[in-house]
$ cat coords.pdb   # PDB, C-alpha atoms
ATOM      1  CA  MET A  12      17.298 -16.645  -6.956
ATOM      2  CA  SER A  13      17.975 -14.694  -3.833
ATOM      3  CA  ARG A  14      15.205 -13.437  -1.587
ATOM      4  CA  ILE A  15      15.232 -10.001   0.036
ATOM      5  CA  ASN A  16      12.792  -9.189   2.841
ATOM      6  CA  ILE A  17      12.114  -5.584   3.843
ATOM      7  CA  SER A  18      10.742  -4.680   7.254
ATOM      8  CA  THR A  19       9.420  -1.267   8.235
ATOM      9  CA  GLY A  20       9.139  -2.074  11.928
ATOM     10  CA  ALA A  21       5.347  -2.027  12.079
ATOM     11  CA  LYS A  22       4.202  -3.660  15.318
ATOM     12  CA  TRP A  23       2.216  -6.256  13.385
ATOM     13  CA  GLU A  24       5.207  -7.578  11.396
ATOM     14  CA  ASP A  25       6.669  -9.645  14.251
ATOM     15  CA  ILE A  26       3.311 -10.534  15.793
ATOM     16  CA  ILE A  27       1.910 -11.966  12.557
ATOM     17  CA  GLY A  28       5.231 -12.955  10.980
ATOM     18  CA  TYR A  29       5.434 -11.031   7.711
ATOM     19  CA  SER A  30       7.601  -8.593   5.782
ATOM     20  CA  ARG A  31       6.527  -5.246   4.331
ATOM     21  CA  ALA A  32       7.968  -6.359   1.001
ATOM     22  CA  VAL A  33       9.617  -9.409  -0.522
ATOM     23  CA  LYS A  34      11.753  -9.360  -3.664
ATOM     24  CA  ILE A  35      12.634 -12.529  -5.544
ATOM     25  CA  GLY A  36      14.346 -12.013  -8.869
ATOM     26  CA  ASN A  37      12.589  -9.142 -10.620
ATOM     27  CA  LEU A  38       9.290  -9.591  -8.717
ATOM     28  CA  ILE A  39       8.397  -7.428  -5.715
ATOM     29  CA  GLU A  40       5.321  -8.048  -3.571
ATOM     30  CA  VAL A  41       4.313  -5.448  -0.994
ATOM     31  CA  THR A  42       1.999  -6.560   1.769
ATOM     32  CA  GLY A  43      -1.217  -4.773   2.621
ATOM     33  CA  THR A  44      -0.210  -1.365   3.939
ATOM     34  CA  VAL A  45      -2.232   1.049   6.055
ATOM     35  CA  ALA A  46      -1.594   4.705   6.893
ATOM     36  CA  THR A  47       0.681   4.252   9.889
ATOM     37  CA  ASP A  48       3.690   6.534  10.326
ATOM     38  CA  ASN A  49       7.109   5.541  11.689
ATOM     39  CA  SER A  50       5.968   6.135  15.269
ATOM     40  CA  GLY A  51       2.998   3.789  14.829
ATOM     41  CA  GLU A  52       0.413   6.559  14.626
ATOM     42  CA  LEU A  53      -2.484   6.707  12.192
ATOM     43  CA  VAL A  54      -2.201   9.350   9.460
ATOM     44  CA  GLY A  55      -5.394  10.902   8.069
ATOM     45  CA  LYS A  56      -8.061   9.895  10.556
ATOM     46  CA  ASN A  57     -11.495   9.963   8.856
ATOM     47  CA  ASP A  58      -9.921  10.916   5.490
ATOM     48  CA  VAL A  59      -9.589   8.196   2.819
ATOM     49  CA  HIS A  60      -7.783  10.547   0.423
ATOM     50  CA  ILE A  61      -5.024  11.381   2.907
ATOM     51  CA  GLN A  62      -4.714   7.738   3.998
ATOM     52  CA  THR A  63      -4.432   6.564   0.384
ATOM     53  CA  LYS A  64      -1.772   9.144  -0.508
ATOM     54  CA  PHE A  65       0.222   8.369   2.633
ATOM     55  CA  ILE A  66       0.165   4.624   1.887
ATOM     56  CA  ILE A  67       1.424   5.130  -1.662
ATOM     57  CA  LEU A  68       4.218   7.454  -0.506
ATOM     58  CA  LYS A  69       5.178   4.961   2.205
ATOM     59  CA  VAL A  70       5.342   2.113  -0.291
ATOM     60  CA  GLU A  71       7.271   4.245  -2.771
ATOM     61  CA  LYS A  72      10.094   4.437  -0.198
ATOM     62  CA  VAL A  73      10.032   0.653   0.244
ATOM     63  CA  LEU A  74      10.185   0.112  -3.511
ATOM     64  CA  GLU A  75      13.165   2.476  -3.739
ATOM     65  CA  GLN A  76      15.017   0.343  -1.179
ATOM     66  CA  LEU A  77      14.622  -2.540  -3.626
ATOM     67  CA  GLY A  78      15.735  -0.618  -6.705
ATOM     68  CA  ALA A  79      12.200  -0.030  -7.979
ATOM     69  CA  SER A  80       9.776   2.853  -8.274
ATOM     70  CA  LEU A  81       6.064   3.390  -8.684
ATOM     71  CA  LYS A  82       6.500   3.081 -12.456
ATOM     72  CA  ASP A  83       7.362  -0.597 -11.871
ATOM     73  CA  VAL A  84       4.013  -1.288 -10.172
ATOM     74  CA  VAL A  85       1.844  -3.602 -12.271
ATOM     75  CA  ARG A  86      -0.991  -4.212  -9.796
ATOM     76  CA  THR A  87      -2.581  -2.605  -6.754
ATOM     77  CA  ARG A  88      -5.285  -4.096  -4.576
ATOM     78  CA  ILE A  89      -7.244  -1.563  -2.569
ATOM     79  CA  PHE A  90      -9.329  -2.561   0.430
ATOM     80  CA  THR A  91     -11.646  -0.025   2.028
ATOM     81  CA  THR A  92     -14.179  -0.125   4.823
ATOM     82  CA  ASP A  93     -16.458   2.258   2.891
ATOM     83  CA  ILE A  94     -16.751   1.711  -0.866
ATOM     84  CA  SER A  95     -18.969   4.784  -1.147
ATOM     85  CA  LYS A  96     -15.714   6.772  -0.812
ATOM     86  CA  TRP A  97     -14.269   5.108  -3.936
ATOM     87  CA  GLU A  98     -13.924   8.403  -5.808
ATOM     88  CA  ALA A  99     -11.701  10.015  -3.157
ATOM     89  CA  ILE A 100      -9.596   6.856  -2.932
ATOM     90  CA  GLY A 101      -9.432   6.615  -6.711
ATOM     91  CA  LYS A 102      -8.450  10.272  -7.049
ATOM     92  CA  ALA A 103      -5.512   9.809  -4.673
ATOM     93  CA  HIS A 104      -4.494   6.595  -6.476
ATOM     94  CA  GLY A 105      -4.733   8.404  -9.814
ATOM     95  CA  GLU A 106      -2.445  11.206  -8.628
ATOM     96  CA  PHE A 107       0.370   8.641  -8.581
ATOM     97  CA  PHE A 108      -0.749   6.081 -11.144
ATOM     98  CA  GLY A 109      -2.688   8.165 -13.680
ATOM     99  CA  THR A 110      -0.077   7.631 -16.395
ATOM    100  CA  ILE A 111       1.349   4.321 -15.127
ATOM    101  CA  LYS A 112      -2.077   2.634 -15.060
ATOM    102  CA  PRO A 113      -1.398  -0.643 -13.232
ATOM    103  CA  CYS A 114      -4.115  -3.254 -12.925
ATOM    104  CA  THR A 115      -6.140  -2.535  -9.815
ATOM    105  CA  THR A 116      -8.956  -3.865  -7.721
ATOM    106  CA  MET A 117     -10.948  -1.963  -5.101
ATOM    107  CA  VAL A 118     -13.197  -3.858  -2.699
ATOM    108  CA  GLU A 119     -15.090  -3.117   0.470
ATOM    109  CA  VAL A 120     -14.224  -5.137   3.554
ATOM    110  CA  ASN A 121     -15.892  -5.317   6.933
ATOM    111  CA  ALA A 122     -12.864  -4.081   8.881
ATOM    112  CA  LEU A 123      -9.111  -3.518   8.712
ATOM    113  CA  ILE A 124      -6.431  -3.999  11.399
ATOM    114  CA  GLY A 125      -7.715  -1.041  13.441
ATOM    115  CA  GLU A 126     -11.063   0.733  13.492
ATOM    116  CA  ASP A 127      -9.689   4.079  12.260
ATOM    117  CA  TYR A 128      -7.979   2.584   9.213
ATOM    118  CA  LEU A 129     -10.163   3.161   6.168
ATOM    119  CA  VAL A 130      -7.839   1.977   3.375
ATOM    120  CA  GLU A 131      -5.264  -0.783   2.931
ATOM    121  CA  ILE A 132      -3.329  -1.339  -0.295
ATOM    122  CA  GLU A 133      -1.215  -4.228  -1.641
ATOM    123  CA  PHE A 134       1.264  -3.691  -4.496
ATOM    124  CA  THR A 135       2.994  -5.892  -7.038
ATOM    125  CA  ALA A 136       5.974  -4.530  -8.978
ATOM    126  CA  VAL A 137       8.098  -6.100 -11.682
ATOM    127  CA  LEU A 138      11.549  -4.834 -12.546
ATOM    128  CA  GLU A 139      12.781  -5.048 -16.113
ATOM    129  CA  SER A 140      15.119  -7.999 -16.500
TER     130      SER A 140
END

$ encode --input "coords.pdb" --output "structure tokens"
Amino acid sequence: MSRINISTGAKWEDIIGYSRAVKIGNLIEVTGTVATDNSGELVGKNDVHIQTKFIILKVEKVLEQLGASLKDVVRTRIFTTDISKWEAIGKAHGEFFGTIKPCTTMVEVNALIGEDYLVEIEFTAVLES
């Protein structure tokens, strides 16, 4: 099987040594993604709903590069620095996945890659064979 790596140019990709997404066969894994725009700026400071929506839209574009869409997502893993905001995060997630209903996990973590990032999400997608 061939392997396809997708980079979005985030400053951390080369420092840490990772890809935004990796596709092998019909499996796509998307690394933890925060609300950083193409210029490296945070989107949605102090707003978990905006950060969550931005992350999902950002990943949707990555999936499209690999011939997939959000409907192919079978799992999301949501990390937040404030679990008390779970409803706002969940609402944003539900706006995209309300009918798709992938498996998901939401956990609180002590910190993310930068102090203003409130949400980070990983995705797994499977394309039909």

$ residues_around --input "coords.pdb" --residues "segment 75-81 of chain A" --least-positions-apart "2" --cutoff "9 Å" --atoms "all atoms listed in the file" --output "PDB file with C-alpha atoms, in the coordinates of the input"
ATOM      1  CA  ILE A  15      15.232 -10.001   0.036  1.00  0.00           C
ATOM      2  CA  ILE A  17      12.114  -5.584   3.843  1.00  0.00           C
ATOM      3  CA  ALA A  32       7.968  -6.359   1.001  1.00  0.00           C
ATOM      4  CA  LYS A  34      11.753  -9.360  -3.664  1.00  0.00           C
ATOM      5  CA  ILE A  39       8.397  -7.428  -5.715  1.00  0.00           C
ATOM      6  CA  ILE A  67       1.424   5.130  -1.662  1.00  0.00           C
ATOM      7  CA  VAL A  70       5.342   2.113  -0.291  1.00  0.00           C
ATOM      8  CA  GLU A  71       7.271   4.245  -2.771  1.00  0.00           C
ATOM      9  CA  LYS A  72      10.094   4.437  -0.198  1.00  0.00           C
ATOM     10  CA  VAL A  73      10.032   0.653   0.244  1.00  0.00           C
ATOM     11  CA  ASP A  83       7.362  -0.597 -11.871  1.00  0.00           C
ATOM     12  CA  VAL A  84       4.013  -1.288 -10.172  1.00  0.00           C
ATOM     13  CA  VAL A  85       1.844  -3.602 -12.271  1.00  0.00           C
ATOM     14  CA  PHE A 107       0.370   8.641  -8.581  1.00  0.00           C
ATOM     15  CA  PHE A 108      -0.749   6.081 -11.144  1.00  0.00           C
ATOM     16  CA  ILE A 111       1.349   4.321 -15.127  1.00  0.00           C
ATOM     17  CA  ALA A 136       5.974  -4.530  -8.978  1.00  0.00           C
ATOM     18  CA  VAL A 137       8.098  -6.100 -11.682  1.00  0.00           C
ATOM     19  CA  LEU A 138      11.549  -4.834 -12.546  1.00  0.00           C
TER      20      LEU A 138
END

$ closest_residue --input "coords.pdb" --among "A:Ile94, A:Ile132, A:Ile124, A:Ala99" --to "His60 of chain A" --atoms "all atoms listed in the file"
A:Ala99

$ closest_residue --input "coords.pdb" --among "A:Leu123, A:Lys96, A:Met12, A:Thr44" --to "Glu24 of chain A" --atoms "only C-alpha atoms"
A:Thr44

$ closest_residue --input "coords.pdb" --among "A:Glu139, A:Arg86, A:Thr42, A:Val130" --to "Gly28 of chain A" --atoms "only C-alpha atoms"
A:Thr42

$ resolve_selection --input "coords.pdb" --expression "the PyMOL selection byres ((chain A and resi 61-64) around 7)" --output "list in words"
Ala46, Val54, Gly55, Asp58, Val59, His60, Phe65, Ile66, Ile67, Leu68, Ile100, Ala103, His104 and Val130 of chain A

$ closest_residue --input "coords.pdb" --among "A:Ser95, A:Asn57, A:Ser18, A:Ser13" --to "Leu38 of chain A" --atoms "all atoms listed in the file"
A:Ser13

$ closest_residue --input "coords.pdb" --among "A:Asn37, A:Thr47, A:Thr87, A:Thr135" --to "Thr116 of chain A" --atoms "only C-alpha atoms"
A:Thr87

$ atom_distance --input "coords.pdb" --atom1 "atom CA of Glu52 of chain A" --atom2 "atom CA of Phe90 of chain A"
19.5 Å

$ closest_residue --input "coords.pdb" --among "A:Gly20, A:Arg14, A:Gly36, A:Thr92" --to "Ser140 of chain A" --atoms "all atoms listed in the file"
A:Gly36

$ atom_distance --input "coords.pdb" --atom1 "atom CA of Ser30 of chain A" --atom2 "atom CA of Tyr128 of chain A"
19.5 Å

$ atom_distance --input "coords.pdb" --atom1 "atom CA of Ile35 of chain A" --atom2 "atom CA of Glu133 of chain A"
16.6 Å

$ decode --input "coords.pdb" --residues "segment 50-72 of chain A" --atoms "N, CA and C atoms" --output "PDB file, in the first residue's frame"
ATOM      1  N   SER A  50      -1.739  31.736   8.338  1.00  0.00           N
ATOM      2  CA  SER A  50      -0.636  32.642   8.681  1.00  0.00           C
ATOM      3  C   SER A  50      -0.065  32.342  10.066  1.00  0.00           C
ATOM      4  N   GLY A  51      -0.555  31.268  10.688  1.00  0.00           N
ATOM      5  CA  GLY A  51      -0.035  30.865  11.998  1.00  0.00           C
ATOM      6  C   GLY A  51      -0.706  31.547  13.171  1.00  0.00           C
ATOM      7  N   GLU A  52      -1.794  32.255  12.908  1.00  0.00           N
ATOM      8  CA  GLU A  52      -2.491  32.987  13.962  1.00  0.00           C
ATOM      9  C   GLU A  52      -3.637  32.177  14.553  1.00  0.00           C
ATOM     10  N   LEU A  53      -3.846  32.332  15.835  1.00  0.00           N
ATOM     11  CA  LEU A  53      -4.956  31.707  16.536  1.00  0.00           C
ATOM     12  C   LEU A  53      -6.285  32.262  16.028  1.00  0.00           C
ATOM     13  N   VAL A  54      -7.265  31.393  15.860  1.00  0.00           N
ATOM     14  CA  VAL A  54      -8.621  31.799  15.490  1.00  0.00           C
ATOM     15  C   VAL A  54      -9.529  31.500  16.685  1.00  0.00           C
ATOM     16  N   GLY A  55     -10.308  32.491  17.115  1.00  0.00           N
ATOM     17  CA  GLY A  55     -11.285  32.277  18.175  1.00  0.00           C
ATOM     18  C   GLY A  55     -10.734  32.337  19.587  1.00  0.00           C
ATOM     19  N   LYS A  56      -9.888  33.302  19.853  1.00  0.00           N
ATOM     20  CA  LYS A  56      -9.335  33.426  21.206  1.00  0.00           C
ATOM     21  C   LYS A  56     -10.473  33.487  22.232  1.00  0.00           C
ATOM     22  N   ASN A  57     -10.350  32.698  23.275  1.00  0.00           N
ATOM     23  CA  ASN A  57     -11.315  32.623  24.388  1.00  0.00           C
ATOM     24  C   ASN A  57     -12.685  32.078  23.981  1.00  0.00           C
ATOM     25  N   ASP A  58     -12.798  31.430  22.809  1.00  0.00           N
ATOM     26  CA  ASP A  58     -14.095  30.937  22.352  1.00  0.00           C
ATOM     27  C   ASP A  58     -13.962  29.493  21.845  1.00  0.00           C
ATOM     28  N   VAL A  59     -14.374  28.525  22.678  1.00  0.00           N
ATOM     29  CA  VAL A  59     -14.236  27.113  22.311  1.00  0.00           C
ATOM     30  C   VAL A  59     -15.109  26.745  21.113  1.00  0.00           C
ATOM     31  N   HIS A  60     -16.260  27.391  20.975  1.00  0.00           N
ATOM     32  CA  HIS A  60     -17.161  27.089  19.865  1.00  0.00           C
ATOM     33  C   HIS A  60     -16.520  27.478  18.539  1.00  0.00           C
ATOM     34  N   ILE A  61     -15.985  28.682  18.468  1.00  0.00           N
ATOM     35  CA  ILE A  61     -15.321  29.139  17.239  1.00  0.00           C
ATOM     36  C   ILE A  61     -14.093  28.282  16.945  1.00  0.00           C
ATOM     37  N   GLN A  62     -13.285  27.986  17.968  1.00  0.00           N
ATOM     38  CA  GLN A  62     -12.099  27.159  17.750  1.00  0.00           C
ATOM     39  C   GLN A  62     -12.485  25.781  17.219  1.00  0.00           C
ATOM     40  N   THR A  63     -13.513  25.172  17.796  1.00  0.00           N
ATOM     41  CA  THR A  63     -13.944  23.847  17.367  1.00  0.00           C
ATOM     42  C   THR A  63     -14.415  23.869  15.916  1.00  0.00           C
ATOM     43  N   LYS A  64     -15.249  24.830  15.557  1.00  0.00           N
ATOM     44  CA  LYS A  64     -15.739  24.928  14.184  1.00  0.00           C
ATOM     45  C   LYS A  64     -14.587  25.145  13.198  1.00  0.00           C
ATOM     46  N   PHE A  65     -13.654  26.020  13.565  1.00  0.00           N
ATOM     47  CA  PHE A  65     -12.528  26.297  12.681  1.00  0.00           C
ATOM     48  C   PHE A  65     -11.699  25.032  12.448  1.00  0.00           C
ATOM     49  N   ILE A  66     -11.448  24.284  13.513  1.00  0.00           N
ATOM     50  CA  ILE A  66     -10.666  23.041  13.397  1.00  0.00           C
ATOM     51  C   ILE A  66     -11.352  22.071  12.435  1.00  0.00           C
ATOM     52  N   ILE A  67     -12.639  21.881  12.595  1.00  0.00           N
ATOM     53  CA  ILE A  67     -13.354  20.929  11.740  1.00  0.00           C
ATOM     54  C   ILE A  67     -13.331  21.387  10.279  1.00  0.00           C
ATOM     55  N   LEU A  68     -13.523  22.669  10.035  1.00  0.00           N
ATOM     56  CA  LEU A  68     -13.450  23.184   8.666  1.00  0.00           C
ATOM     57  C   LEU A  68     -12.050  23.019   8.077  1.00  0.00           C
ATOM     58  N   LYS A  69     -11.039  23.244   8.900  1.00  0.00           N
ATOM     59  CA  LYS A  69      -9.650  23.084   8.467  1.00  0.00           C
ATOM     60  C   LYS A  69      -9.379  21.629   8.077  1.00  0.00           C
ATOM     61  N   VAL A  70      -9.838  20.712   8.901  1.00  0.00           N
ATOM     62  CA  VAL A  70      -9.613  19.297   8.631  1.00  0.00           C
ATOM     63  C   VAL A  70     -10.445  18.828   7.438  1.00  0.00           C
ATOM     64  N   GLU A  71     -11.616  19.397   7.259  1.00  0.00           N
ATOM     65  CA  GLU A  71     -12.432  19.044   6.101  1.00  0.00           C
ATOM     66  C   GLU A  71     -11.651  19.274   4.811  1.00  0.00           C
ATOM     67  N   LYS A  72     -10.908  20.369   4.735  1.00  0.00           N
ATOM     68  CA  LYS A  72     -10.099  20.675   3.546  1.00  0.00           C
ATOM     69  C   LYS A  72      -8.988  19.639   3.357  1.00  0.00           C
TER      70      LYS A  72
END
